[in-house]
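Student: What follows is a structure written as structure tokens; I'll ask about it next.
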2 protein chains.
Amino acid sequence: MKKLDESLLSDVPPFRRLTRPQIRTILDLAQPRRFDAGSAVFTEGAPVDRFYLLLDGHIRVVRTTAGGDQIIVLHISSGQLFGIGAALGHLTYPAAAMTAGECLTLSWPNALWADFTATYDGFATETYKVVGNRMGEMTMRMMELATEQVEQRVASAMLRLITQNGRKVDVGIEIDFPITRQNISEMTGTTLHTVSRLLSAWEKDGIVASERRKITVTQPHRLALLTGAAA
Amino acid sequence: MKKLDESLLSDVPPFRRLTRPQIRTILDLAQPRRFDAGSAVFTEGAPVDRFYLLLDGHIRVVRTTAGGDQIIVLHISSGQLFGIGAALGHLTYPAAAMTAGECLTLSWPNALWADFTATYDGFATETYKVVGNRMGEMTMRMMELATEQVEQRVASAMLRLITQNGRKVDVGIEIDFPITRQNISEMTGTTLHTVSRLLSAWEKDGIVASERRKITVTQPHRLALLTGAAA
DNA sequence: TAGGCATATTGCGCTGGATCAACCTTGGGA
DNA sequence: TCCCAAGGTTGATCCAGCGCAATATGCCTA
């Protein structure tokens, strides 16, 4: 196995304040791994034994209800830690991590979590900042689910996707990973049928352009209007 | 101001592993305060300057949407830390803390957070365990909002209330603080009308008994059936 | 004791969006 | 080259629960 380059971690917030030798040490302890599109990095309920860093690709954090419905709790984009149950006292993962497209990860055994936080200044702080942000996003989602109409929720979800996972292309901003109507319905608490109808309508209005498993937002500002301007 | 007794903190998870002298030190740094029912300990968007411990009473963590709707994110019961934006890198409180009934709090300036976590073994770990639990509860709520019918959501919310904030009385389990139909609707993303109808129906069936601002669950197991047995 | 406000109840009509159903399109594998 | 499974579209129907409205009731203040 060839050595990992230190530059991999130098831009990742939790590691940003570290020296090259420190990063070298951490990399040498890491287990790199590649995942195919649509596979599970870990599953809901599995024992928390490692924590992960997403080097490349996109990951969906997914929970399944007793009734069998899946919902997408959040998306992880490259450069973020995930599966950090160790930091929150979880014994089992509360959700599954599914790859959206091919992914590269690093991971470390749980036992190293305490070492990292104790040894590397800023590691804990930066990590918990991420946790804080995710909690903030989750409360936003809760508020939307509780108070907004489906169209507004879907518009909000799409805006969040292009903000966090967008890639600029000539006709607008494209969601950086394969995504289906079904996926969007799992993010917004609706059905793929309704999402399909909304996207069709928006496409007719020139707000979005979509192909199979791919969505591009051509007029983000108009999408933003749909978000809350109905009031 | 009279001295606070050390026994106040000896049963609170984050402080449980500490010695008496350590607790003495922490108490001497704390600012105690009493709040009337229905007042705000802090408001959404206010700068995070202190973190709090609820000694007695109950607190609702509340966010308000752009459209003016309030939603209740979670409830804090006595013995829990809250307003711990300091631990998550928040500069402003992402939600307001409203008292449900009279409350007693201790609070410390943010600057002490780093001291506490560094000095007192287990303080950080225990605290982040609480954060982990709250995240878990939030994802549960999101799943319910996204996939379940109103009746199931309200039943789940009521069960959660009596589990976390219930007091055993002779006829059943009573919610330990004043709560209105409106409050419940703000927890479940519905209207006070629908909640009122549901409670009326349940009362007729002998599942709950309610007075103004007070609800007692007389048959928790039947409520649990309503939660998911509809499938 | 009266007045006023917060809380709760209940009826009615309407509609957003789920459900059911049929069919189309695309791309990858044999 | 053909097949077929995954993904997407669109029409028709139905109903849970929201919005609106009117009324009731307990509680606090003066």
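As shown in the structure tokens, the chain order sets the letters A, B, ...; within each chain, residues go from 1, and ligands are also counted from 1 in the order they appear.
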Among stretch 30-124 of chain A, which ones does DSSP assign to helix (DSSP H, G or I) (computed from the backbone)? Answer as an mmCIF file with N, CA and C atoms, in the first residue's frame.

Tutor:
```cif
data_model
loop_
_atom_site.group_PDB
_atom_site.id
_atom_site.type_symbol
_atom_site.label_atom_id
_atom_site.label_comp_id
_atom_site.auth_asym_id
_atom_site.auth_seq_id
_atom_site.Cartn_x
_atom_site.Cartn_y
_atom_site.Cartn_z
ATOM 1 N N GLY A 85 -19.598 8.527 16.331
ATOM 2 C CA GLY A 85 -20.311 8.088 17.524
ATOM 3 C C GLY A 85 -19.413 8.115 18.747
ATOM 4 N N ALA A 86 -18.135 7.844 18.536
ATOM 5 C CA ALA A 86 -17.183 7.841 19.641
ATOM 6 C C ALA A 86 -17.219 9.163 20.406
ATOM 7 N N ALA A 87 -17.418 10.257 19.672
ATOM 8 C CA ALA A 87 -17.378 11.571 20.297
ATOM 9 C C ALA A 87 -18.640 11.866 21.087
ATOM 10 N N LEU A 88 -19.678 11.088 20.847
ATOM 11 C CA LEU A 88 -20.973 11.396 21.453
ATOM 12 C C LEU A 88 -21.473 10.265 22.338
ATOM 13 N N ALA A 111 -10.458 3.760 19.709
ATOM 14 C CA ALA A 111 -9.527 3.968 20.819
ATOM 15 C C ALA A 111 -8.666 5.205 20.580
ATOM 16 N N LEU A 112 -8.447 5.529 19.306
ATOM 17 C CA LEU A 112 -7.590 6.678 19.011
ATOM 18 C C LEU A 112 -8.298 8.010 19.217
ATOM 19 N N TRP A 113 -9.624 7.982 19.335
ATOM 20 C CA TRP A 113 -10.360 9.228 19.485
ATOM 21 C C TRP A 113 -9.857 10.024 20.683
ATOM 22 N N ALA A 114 -9.771 9.339 21.807
ATOM 23 C CA ALA A 114 -9.314 10.004 23.028
ATOM 24 C C ALA A 114 -7.902 10.549 22.846
ATOM 25 N N ASP A 115 -7.047 9.754 22.196
ATOM 26 C CA ASP A 115 -5.682 10.212 21.931
ATOM 27 C C ASP A 115 -5.690 11.498 21.110
ATOM 28 N N PHE A 116 -6.439 11.465 20.016
ATOM 29 C CA PHE A 116 -6.465 12.619 19.112
ATOM 30 C C PHE A 116 -6.914 13.882 19.849
ATOM 31 N N THR A 117 -8.007 13.754 20.592
ATOM 32 C CA THR A 117 -8.522 14.955 21.253
ATOM 33 C C THR A 117 -7.555 15.443 22.325
ATOM 34 N N ALA A 118 -6.892 14.517 22.976
ATOM 35 C CA ALA A 118 -5.971 14.921 24.045
ATOM 36 C C ALA A 118 -4.686 15.507 23.474
ATOM 37 N N THR A 119 -4.209 14.890 22.385
ATOM 38 C CA THR A 119 -2.893 15.253 21.864
ATOM 39 C C THR A 119 -2.928 16.474 20.959
ATOM 40 N N PHE A 123 -8.388 19.828 17.699
ATOM 41 C CA PHE A 123 -9.093 18.712 17.056
ATOM 42 C C PHE A 123 -10.513 18.569 17.615
ATOM 43 N N ALA A 124 -10.607 18.528 18.937
ATOM 44 C CA ALA A 124 -11.931 18.394 19.567
ATOM 45 C C ALA A 124 -12.791 19.609 19.237
#
```

Student: Near chain D, which residues of chain A fall within 9 Å when you count only C-alpha atoms (C1' of nucleotides), and what do they look like as a list of chain:residue names?

Tutor: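 Contact residues on the first chain: A:Thr180, A:Arg181, A:Gln182, A:His193, A:Ser196, A:Arg197, A:Ser200, A:Arg212, A:Arg213.
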
Student: Chain A residues within 9 Å of chain B, counting only C-alpha atoms: which ones, as a tab-separated table (two decimals) with C-alpha atoms, in the first residue's frame?

Tutor:
```tsv
chain	number	residue	atom	x	y	z
A	63	ARG	CA	-32.20	6.04	9.03
A	64	THR	CA	-34.95	3.51	8.51
A	65	THR	CA	-38.25	3.61	10.37
A	66	ALA	CA	-39.98	0.65	11.94
A	67	GLY	CA	-42.38	0.81	8.98
A	69	ASP	CA	-39.42	4.03	5.27
A	70	GLN	CA	-35.99	5.48	4.76
A	71	ILE	CA	-35.18	9.06	5.51
A	73	VAL	CA	-30.79	12.69	7.85
A	85	GLY	CA	-20.31	8.09	17.52
A	87	ALA	CA	-17.38	11.57	20.30
A	88	LEU	CA	-20.97	11.40	21.45
A	89	GLY	CA	-20.92	8.31	23.61
A	90	HIS	CA	-22.84	6.16	21.14
A	94	PRO	CA	-27.73	5.64	15.10
A	125	THR	CA	-13.01	22.01	19.17
A	126	GLU	CA	-13.20	21.82	15.41
A	127	THR	CA	-15.01	18.52	15.51
A	128	TYR	CA	-17.64	19.71	17.92
A	129	LYS	CA	-18.13	22.76	15.77
A	130	VAL	CA	-19.14	20.39	13.00
A	131	VAL	CA	-21.47	18.62	15.41
A	132	GLY	CA	-22.97	21.99	16.30
A	133	ASN	CA	-23.53	22.84	12.66
A	135	MET	CA	-27.51	20.02	14.95
A	136	GLY	CA	-28.37	23.44	13.59
A	138	MET	CA	-31.28	19.28	11.80
A	139	THR	CA	-33.37	21.80	13.73
A	140	MET	CA	-33.86	23.74	10.51
A	141	ARG	CA	-35.11	20.58	8.83
A	142	MET	CA	-37.43	19.88	11.75
A	143	MET	CA	-38.88	23.36	11.51
A	144	GLU	CA	-39.44	22.99	7.81
A	145	LEU	CA	-41.09	19.60	8.21
A	146	ALA	CA	-43.31	20.96	10.96
A	147	THR	CA	-44.40	24.21	9.38
A	186	GLU	CA	-36.60	10.91	1.54
A	187	MET	CA	-35.03	14.22	2.49
A	188	THR	CA	-38.27	16.15	2.55
A	189	GLY	CA	-40.86	13.75	3.87
A	190	THR	CA	-42.92	13.45	0.72
A	228	GLY	CA	-40.54	31.28	1.75
A	231	ALA	CA	-46.20	34.03	2.72
```

Student: Contacts from chain C to chain B, 9 Å maximum, only C-alpha atoms (C1' of nucleotides): show me the residue list as a PDB file with N, CA and C atoms (P, O5', C5', C4', C3', O3' and C1' of nucleotides), in the first residue's frame.

Tutor:
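Dumped to result_7.pdb:
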```
ATOM      1  P    DT C   7     -52.497  30.468  27.437  1.00  0.00           P
ATOM      2  O5'  DT C   7     -53.696  29.409  27.363  1.00  0.00           O
ATOM      3  C5'  DT C   7     -54.202  28.881  28.563  1.00  0.00           C
ATOM      4  C4'  DT C   7     -55.419  28.063  28.278  1.00  0.00           C
ATOM      5  C3'  DT C   7     -55.221  26.966  27.222  1.00  0.00           C
ATOM      6  O3'  DT C   7     -55.342  25.728  27.890  1.00  0.00           O
ATOM      7  C1'  DT C   7     -57.292  28.107  26.970  1.00  0.00           C
ATOM      8  P    DA C   8     -55.230  24.348  27.083  1.00  0.00           P
ATOM      9  O5'  DA C   8     -56.728  24.070  26.652  1.00  0.00           O
ATOM     10  C5'  DA C   8     -57.730  23.921  27.636  1.00  0.00           C
ATOM     11  C4'  DA C   8     -59.066  23.699  26.971  1.00  0.00           C
ATOM     12  C3'  DA C   8     -59.069  22.607  25.891  1.00  0.00           C
ATOM     13  O3'  DA C   8     -60.006  21.621  26.289  1.00  0.00           O
ATOM     14  C1'  DA C   8     -60.193  24.571  25.153  1.00  0.00           C
ATOM     15  P    DT C   9     -60.229  20.311  25.426  1.00  0.00           P
ATOM     16  O5'  DT C   9     -61.540  20.682  24.611  1.00  0.00           O
ATOM     17  C5'  DT C   9     -62.697  21.079  25.326  1.00  0.00           C
ATOM     18  C4'  DT C   9     -63.826  21.327  24.361  1.00  0.00           C
ATOM     19  C3'  DT C   9     -64.002  20.247  23.286  1.00  0.00           C
ATOM     20  O3'  DT C   9     -65.357  19.824  23.346  1.00  0.00           O
ATOM     21  C1'  DT C   9     -63.992  22.405  22.303  1.00  0.00           C
ATOM     22  P    DT C  10     -65.809  18.424  22.730  1.00  0.00           P
ATOM     23  O5'  DT C  10     -66.511  18.884  21.385  1.00  0.00           O
ATOM     24  C5'  DT C  10     -67.362  20.013  21.409  1.00  0.00           C
ATOM     25  C4'  DT C  10     -67.616  20.492  19.997  1.00  0.00           C
ATOM     26  C3'  DT C  10     -67.584  19.401  18.912  1.00  0.00           C
ATOM     27  O3'  DT C  10     -68.845  19.428  18.269  1.00  0.00           O
ATOM     28  C1'  DT C  10     -66.403  21.316  18.229  1.00  0.00           C
TER      29       DT C  10
END
```

Student: To one decimal place in Å, what is the distance between atom CA of A:Val150 and atom C1' of C:DC12?

Tutor: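 A separation of 25.3 Å between them.
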
Student: From the set B:Gly38, B:Gly206, B:Leu106, B:Asp121, which residue has the shortest atom-to-atom contact distance to B:Thr19, counting only C-alpha atoms?

Tutor: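 Answer, going by the shortest atom-to-atom distance: B:Asp121.
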
Student: So how far away is atom C1' of C:DA18 from atom CA of B:Asp205, in Å?

Tutor: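 Those two atoms sit 28.6 Å apart.
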
Student: What gap, in Å, lies between atom CA of A:Glu137 and atom CA of A:Leu223?

Tutor: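 Computing it gives 18.9 Å between the two atoms.
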